[in-house]
$ cat upload-v5.txt   # compact mmCIF, C-alpha atoms
# COMPACT_ATOMS: atom_id res chain seq x y z
CA MET A 5 0.00 0.00 0.00
CA SER A 6 1.13 3.61 -0.51
CA GLU A 7 -0.18 6.94 0.67
CA THR A 8 -0.61 9.75 -1.89
CA GLN A 9 1.72 12.62 -0.94
CA ILE A 10 1.35 16.23 -2.07
CA GLY A 11 4.39 18.53 -1.89
CA ARG A 12 7.75 17.37 -0.59
CA THR A 13 8.64 13.69 -0.15
CA PRO A 14 7.86 12.41 3.38
CA GLU A 15 10.81 11.80 5.66
CA VAL A 16 9.81 8.12 6.15
CA SER A 17 8.25 6.03 3.35
CA ASP A 18 5.14 3.89 3.81
CA GLU A 19 7.12 0.69 3.25
CA VAL A 20 9.53 1.52 6.05
CA ILE A 21 6.60 2.28 8.37
CA ILE A 22 4.87 -1.04 7.53
CA ARG A 23 8.09 -3.00 8.11
CA ALA A 24 8.56 -1.27 11.46
CA GLY A 25 4.95 -2.07 12.48
CA ASN A 26 5.32 -5.74 11.58
CA ALA A 27 8.59 -5.88 13.51
CA LEU A 28 6.82 -4.49 16.60
CA LEU A 29 4.08 -7.12 16.26
CA GLN A 30 6.68 -9.89 16.01
CA GLN A 31 8.21 -8.55 19.22
CA GLU A 32 4.72 -8.67 20.79
CA ARG A 33 4.85 -4.94 21.36
CA ARG A 34 2.01 -2.45 21.02
CA VAL A 35 2.05 -0.46 17.76
CA THR A 36 1.62 3.25 18.51
CA GLY A 37 2.70 6.42 16.74
CA PHE A 38 5.56 6.97 19.19
CA ALA A 39 6.66 3.31 19.00
CA LEU A 40 6.72 3.51 15.18
CA ARG A 41 8.70 6.74 15.29
CA LYS A 42 11.28 5.16 17.59
CA ALA A 43 11.45 2.04 15.39
CA VAL A 44 12.24 4.09 12.25
CA GLY A 45 15.02 6.02 13.96
CA ASN A 46 13.10 8.89 15.62
CA LYS A 47 12.08 10.35 12.25
CA GLY A 48 8.77 11.57 10.86
CA ASP A 49 5.54 12.70 12.49
CA ALA A 50 4.04 10.17 14.94
CA SER A 51 0.47 10.95 13.79
CA ARG A 52 1.31 10.27 10.13
CA LEU A 53 3.20 7.07 10.99
CA LEU A 54 0.15 5.76 12.87
CA ARG A 55 -2.22 6.74 10.02
CA VAL A 56 -0.10 4.83 7.49
CA TRP A 57 -0.03 1.74 9.71
CA GLN A 58 -3.79 1.83 10.33
CA ALA A 59 -4.45 2.24 6.60
CA TYR A 60 -2.25 -0.80 5.96
CA LEU A 61 -4.17 -2.87 8.53
CA SER A 62 -7.48 -1.77 6.99
CA ALA A 63 -6.30 -2.79 3.50
CA GLN A 64 -5.09 -6.17 4.82
CA GLY A 65 -8.50 -6.77 6.41
CA ASN A 66 -10.29 -5.96 3.13
CA GLU A 67 -8.01 -8.32 1.19
CA GLN A 68 -8.62 -11.13 3.66
CA GLU A 69 -12.40 -10.59 3.42
CA THR A 70 -12.17 -10.67 -0.38
CA VAL A 71 -10.18 -13.91 -0.34
CA ALA A 72 -12.62 -15.47 2.10
CA ALA A 73 -15.59 -14.53 -0.13
CA ASP A 74 -14.17 -16.17 -3.33
CA LEU A 75 -14.32 -19.96 -3.05
CA PRO A 76 -11.86 -22.15 -5.03
CA THR A 77 -13.17 -24.06 -8.06
CA GLU A 78 -12.54 -27.44 -6.45
CA LEU A 79 -14.56 -26.48 -3.38
CA SER A 80 -17.41 -25.15 -5.54
CA GLU A 81 -17.52 -28.41 -7.50
CA ALA A 82 -17.48 -30.43 -4.29
CA LEU A 83 -20.33 -28.41 -2.85
CA SER A 84 -22.32 -28.82 -6.06
CA SER A 85 -22.09 -32.60 -5.74
CA VAL A 86 -23.44 -32.57 -2.20
CA ASN A 87 -27.14 -32.99 -1.41
CA GLN A 88 -29.15 -29.74 -1.70
CA LYS A 89 -30.42 -30.07 1.84
CA LEU A 90 -26.86 -30.37 3.21
CA ILE A 91 -25.90 -27.27 1.24
CA HIS A 92 -28.74 -25.26 2.78
CA GLU A 93 -27.84 -26.46 6.28
CA LEU A 94 -24.16 -25.65 5.73
CA HIS A 95 -24.98 -22.14 4.50
CA SER A 96 -27.25 -21.62 7.50
CA ILE A 97 -24.52 -22.70 9.91
CA VAL A 98 -21.95 -20.48 8.17
CA GLN A 99 -24.30 -17.52 8.27
CA ARG A 100 -24.99 -18.01 11.99
CA LEU A 101 -21.28 -18.36 12.77
CA ASN A 102 -20.50 -15.29 10.68
CA GLY A 103 -23.20 -13.29 12.51
CA ILE A 104 -21.84 -14.40 15.88
CA ALA A 105 -18.30 -13.48 14.83
CA ILE A 106 -19.41 -10.05 13.62
CA GLN A 107 -21.38 -9.39 16.82
CA THR A 108 -18.40 -10.49 18.94
CA ALA A 109 -16.01 -8.27 16.99
CA GLU A 110 -18.37 -5.29 17.16
CA SER A 111 -18.87 -5.83 20.88
CA ARG A 112 -15.10 -5.94 21.47
CA VAL A 113 -14.53 -2.83 19.37
CA ALA A 114 -17.32 -0.97 21.18
CA SER A 115 -15.92 -2.03 24.56
CA ALA A 116 -12.42 -0.93 23.59
CA VAL A 117 -13.74 2.43 22.33
CA ASN A 118 -15.75 2.96 25.51
CA GLN A 119 -12.75 2.14 27.69
CA ALA A 120 -10.55 4.51 25.68
CA ASN A 121 -13.15 7.27 25.93
CA GLU A 122 -13.47 6.71 29.66
CA ARG A 123 -9.69 6.91 30.12
CA GLU A 124 -9.61 10.10 28.04
CA ARG A 125 -12.44 11.66 30.07
CA ALA A 126 -10.69 10.69 33.32
CA ALA A 127 -7.43 12.21 32.09
CA GLU A 128 -9.23 15.41 31.06
CA ALA A 129 -10.90 15.60 34.48
CA GLU A 130 -7.53 15.18 36.19
CA VAL A 131 -6.05 17.91 33.99
CA ARG A 132 -8.93 20.25 34.87
CA ASP A 133 -8.50 19.52 38.58
CA ALA A 134 -4.77 20.13 38.34
CA MET A 135 -5.31 23.42 36.50
CA LYS A 136 -7.81 24.55 39.13
CA ARG A 137 -5.38 23.61 41.89
CA ILE A 138 -2.62 25.57 40.15
CA ASP A 139 -4.91 28.60 39.84
CA ASP A 140 -5.71 28.36 43.57
CA LEU A 141 -2.03 28.06 44.44
CA GLU A 142 -1.16 31.02 42.22
CA ALA A 143 -3.85 33.07 43.97
CA GLN A 144 -2.45 32.03 47.37
CA LEU A 145 1.07 32.81 46.15
CA SER A 146 -0.04 36.26 45.00
CA SER A 147 -1.75 36.91 48.33
CA LEU A 148 1.31 35.78 50.28
CA SER A 149 3.56 37.91 48.09
CA GLN A 150 1.41 40.97 48.75
CA ALA A 151 1.42 40.23 52.49
CA ARG A 152 5.21 39.80 52.39
CA THR A 153 5.58 43.12 50.54
CA GLY A 154 3.43 44.85 53.14
CA LEU A 155 5.42 43.36 55.99
CA LEU A 156 8.69 44.39 54.35
CA ALA A 157 7.40 47.95 54.05
CA LYS A 158 6.34 47.93 57.72
CA LEU A 159 9.69 46.43 58.69
CA GLN A 160 11.54 49.16 56.84
CA GLN A 161 9.38 51.76 58.54
CA ARG A 162 10.13 50.22 61.93
CA GLU A 163 13.82 50.16 61.12
CA GLN A 164 13.69 53.85 60.31
CA GLU A 165 11.82 54.51 63.54
CA ASN A 166 14.38 52.47 65.48
CA GLN A 167 17.19 54.37 63.80
CA GLN A 168 15.59 57.67 64.76
CA ALA A 169 15.05 56.42 68.31
CA SER A 170 18.68 55.29 68.49
CA GLU A 171 19.86 58.66 67.27
CA GLN A 172 17.63 60.40 69.77
CA LEU A 173 18.88 58.11 72.53
CA GLU A 174 22.47 58.74 71.55
CA ALA A 175 21.84 62.47 71.52
CA SER A 176 20.20 62.23 74.93
CA VAL A 177 23.12 60.22 76.31
CA ASN A 178 25.60 62.75 74.93
CA ALA A 179 23.60 65.56 76.41
CA LEU A 180 23.48 63.74 79.76
CA ASN A 181 27.20 63.22 79.72
CA ASP A 182 27.75 66.89 79.03
CA THR A 183 25.41 67.75 81.87
CA LEU A 184 27.21 65.40 84.24
CA ARG A 185 30.53 66.97 83.39
CA GLN A 186 29.06 70.38 84.07
CA LEU A 187 27.75 69.08 87.40
CA HIS A 188 31.25 68.04 88.45
CA GLU A 189 32.59 71.40 87.43
CA GLU A 190 29.90 73.34 89.20
CA GLN A 191 30.05 72.09 92.78
CA ARG A 192 28.33 75.18 94.15
CA GLN A 193 25.15 74.42 92.15
CA HIS A 194 25.08 70.78 93.24
CA GLU A 195 21.50 70.62 94.47
CA ARG A 196 19.99 72.35 91.47
CA LEU A 197 22.04 70.31 89.07
CA ALA A 198 21.19 67.10 90.99
CA GLN A 199 17.49 67.74 90.43
CA HIS A 200 18.15 68.42 86.78
CA ASN A 201 20.16 65.22 86.59
CA ASP A 202 17.28 63.20 88.03
CA ALA A 203 14.96 64.61 85.41
CA LEU A 204 17.38 63.74 82.62
CA GLU A 205 17.79 60.22 83.99
CA ALA A 206 14.02 59.81 84.02
CA ASP A 207 13.93 60.91 80.39
CA LEU A 208 16.72 58.47 79.60
CA ASP A 209 14.82 55.60 81.25
CA SER A 210 11.73 56.50 79.26
CA VAL A 211 13.71 56.61 76.02
CA GLN A 212 15.42 53.28 76.80
CA GLU A 213 12.09 51.68 77.64
CA HIS A 214 10.63 52.92 74.35
CA TYR A 215 13.70 51.61 72.52
CA GLY A 216 13.25 48.21 74.18
CA GLU A 217 9.62 48.08 73.02
CA LEU A 218 10.58 48.99 69.47
CA LYS A 219 13.33 46.35 69.48
CA ALA A 220 10.91 43.62 70.70
CA ASP A 221 8.34 44.63 68.06
CA PHE A 222 11.06 44.51 65.39
CA ALA A 223 12.06 40.98 66.48
CA ALA A 224 8.42 39.81 66.33
CA LYS A 225 8.01 41.21 62.81
CA GLU A 226 11.20 39.45 61.73
CA LYS A 227 9.80 36.10 62.95
CA GLU A 228 6.50 36.74 61.17
CA LEU A 229 8.41 37.53 57.97
CA GLU A 230 10.40 34.29 58.26
CA MET A 231 7.18 32.26 58.65
CA LEU A 232 5.63 33.91 55.58
CA THR A 233 8.81 33.27 53.59
CA MET A 234 8.69 29.56 54.55
CA GLN A 235 5.02 29.35 53.51
CA LEU A 236 5.88 31.01 50.21
CA GLU A 237 8.60 28.42 49.53
CA VAL A 238 6.20 25.54 50.33
CA VAL A 239 3.55 26.94 47.97
CA SER A 240 6.17 27.41 45.23
CA GLU A 241 7.35 23.78 45.59
CA GLU A 242 3.77 22.50 45.42
CA LYS A 243 3.16 24.60 42.30
CA VAL A 244 6.22 23.05 40.59
CA ARG A 245 5.06 19.51 41.54
CA LEU A 246 1.56 20.12 40.16
CA LEU A 247 2.96 21.55 36.95
CA ASN A 248 5.06 18.39 36.50
CA ASP A 249 1.94 16.26 37.16
CA LEU A 250 0.03 18.36 34.60
CA VAL A 251 2.71 17.83 31.95
CA SER A 252 2.71 14.07 32.64
CA LEU A 253 -1.10 13.88 32.44
CA ALA A 254 -1.13 15.89 29.21
CA ALA A 255 1.44 13.51 27.69
CA LYS A 256 -0.61 10.48 28.75
CA SER A 257 -3.77 12.03 27.33
CA GLN A 258 -2.05 12.74 24.00
CA GLU A 259 -0.68 9.21 23.83
CA ALA A 260 -4.11 7.74 24.61
CA SER A 261 -5.69 9.90 21.90
CA LEU A 262 -3.10 8.78 19.37
CA GLU A 263 -3.58 5.13 20.26
CA ASN A 264 -7.37 5.38 19.84
$ encode --input "upload-v5.txt" --output "structure tokens"
Amino acid sequence: MSETQIGRTPEVSDEVIIRAGNALLQQERRVTGFALRKAVGNKGDASRLLRVWQAYLSAQGNEQETVAADLPTELSEALSSVNQKLIHELHSIVQRLNGIAIQTAESRVASAVNQANERERAAEAEVRDAMKRIDDLEAQLSSLSQARTGLLAKLQQREQENQQASEQLEASVNALNDTLRQLHEEQRQHERLAQHNDALEADLDSVQEHYGELKADFAAKEKELEMLTMQLEVVSEEKVRLLNDLVSLAAKSQEASLEN
């Protein structure tokens, strides 16, 4: 058999495809488009290879049916010499057996088609579920990214506030040191300067307490940021795994479609 080609010569001829298909059958292997492509040296389009092989099988079936329909001359003469009643009975038996064979073949073909359709529908359902899961994960990833961005902005703001508080504290400490030196130099104003010193120390305690609160809040925000970063990494890993599953399911679905 040969397939009419329009345009450039195909990369793999029909004869090479048929020989490869027969070789796969002799090896008791399943003949698919990808198996044929591998057998001919990874050349040609898998869909075309499978079409050529199926056309060959269809032609073989038609030839066998034609041969079975034409009886040899010797058999015709032998049948003619048999009693007419026996001939009618024989034809009736052959017709019944042929009907049973056709019904059996049709039933098997219908069952195979139904099973293939069911597998294809299941694969499509799995692909849809995987796509929905990926969309959900992407939405979660976007939400976590926005939350992380907000926390980073707040963290930067707190860092600026802490820096300002540190500068203020340092300025207060420097001012206190200057005041203490003046207190040592001005012994005659000891009582007045002592009161002033107490007030400055109270201010210093208040500033240090505020600095401690800001530092604790900063540490808490850092822990919260670490937790969100870990969650983001987990979601990213799950997204990669589902994408790999989706690619595998798509490949299986394509292979099943080609086989059917």
$ atom_distance --input "upload-v5.txt" --atom1 "CA of Asn166 in chain A" --atom2 "CA of Leu232 in chain A"
22.8 Å
$ residues_around --input "upload-v5.txt" --residues "range 215-218 of chain A" --least-positions-apart "6" --cutoff "9 Å" --atoms "only C-alpha atoms" --output "list of chain:residue names"
A:Arg162, A:Glu165, A:Asn166, A:Ala169, A:Ser170, A:Leu173
$ closest_residue --input "upload-v5.txt" --among "A:Gly37, A:Leu29, A:Met231, A:Lys42" --to "Arg55 in chain A" --atoms "only C-alpha atoms"
A:Gly37
$ atom_distance --input "upload-v5.txt" --atom1 "CA of Leu204 in chain A" --atom2 "CA of Gln164 in chain A"
24.7 Å
$ residues_near_point --input "upload-v5.txt" --point "(6.7, -2.4, 16.3)" --cutoff "9 Å" --atoms "only C-alpha atoms" --output "ChimeraX atom specification"
/A:23-36,39-40,42-43
$ residues_around --input "upload-v5.txt" --residues "Val44 in chain A" --least-positions-apart "5" --cutoff "8 Å" --atoms "only C-alpha atoms" --output "number ranges by chain"
A: 16, 20-21, 24
$ write_last_selection --input "upload-v5.txt" --atoms "C-alpha atoms" --output "compact mmCIF listing (two decimals), in the frame of the given file"
# COMPACT_ATOMS: atom_id res chain seq x y z
CA VAL A 16 9.81 8.12 6.15
CA VAL A 20 9.53 1.52 6.05
CA ILE A 21 6.60 2.28 8.37
CA ALA A 24 8.56 -1.27 11.46
$ residues_around --input "upload-v5.txt" --residues "Glu226 in chain A" --least-positions-apart "4" --cutoff "8 Å" --atoms "all atoms listed in the file" --output "PyMOL selection string"
chain A and resi 159+222+230
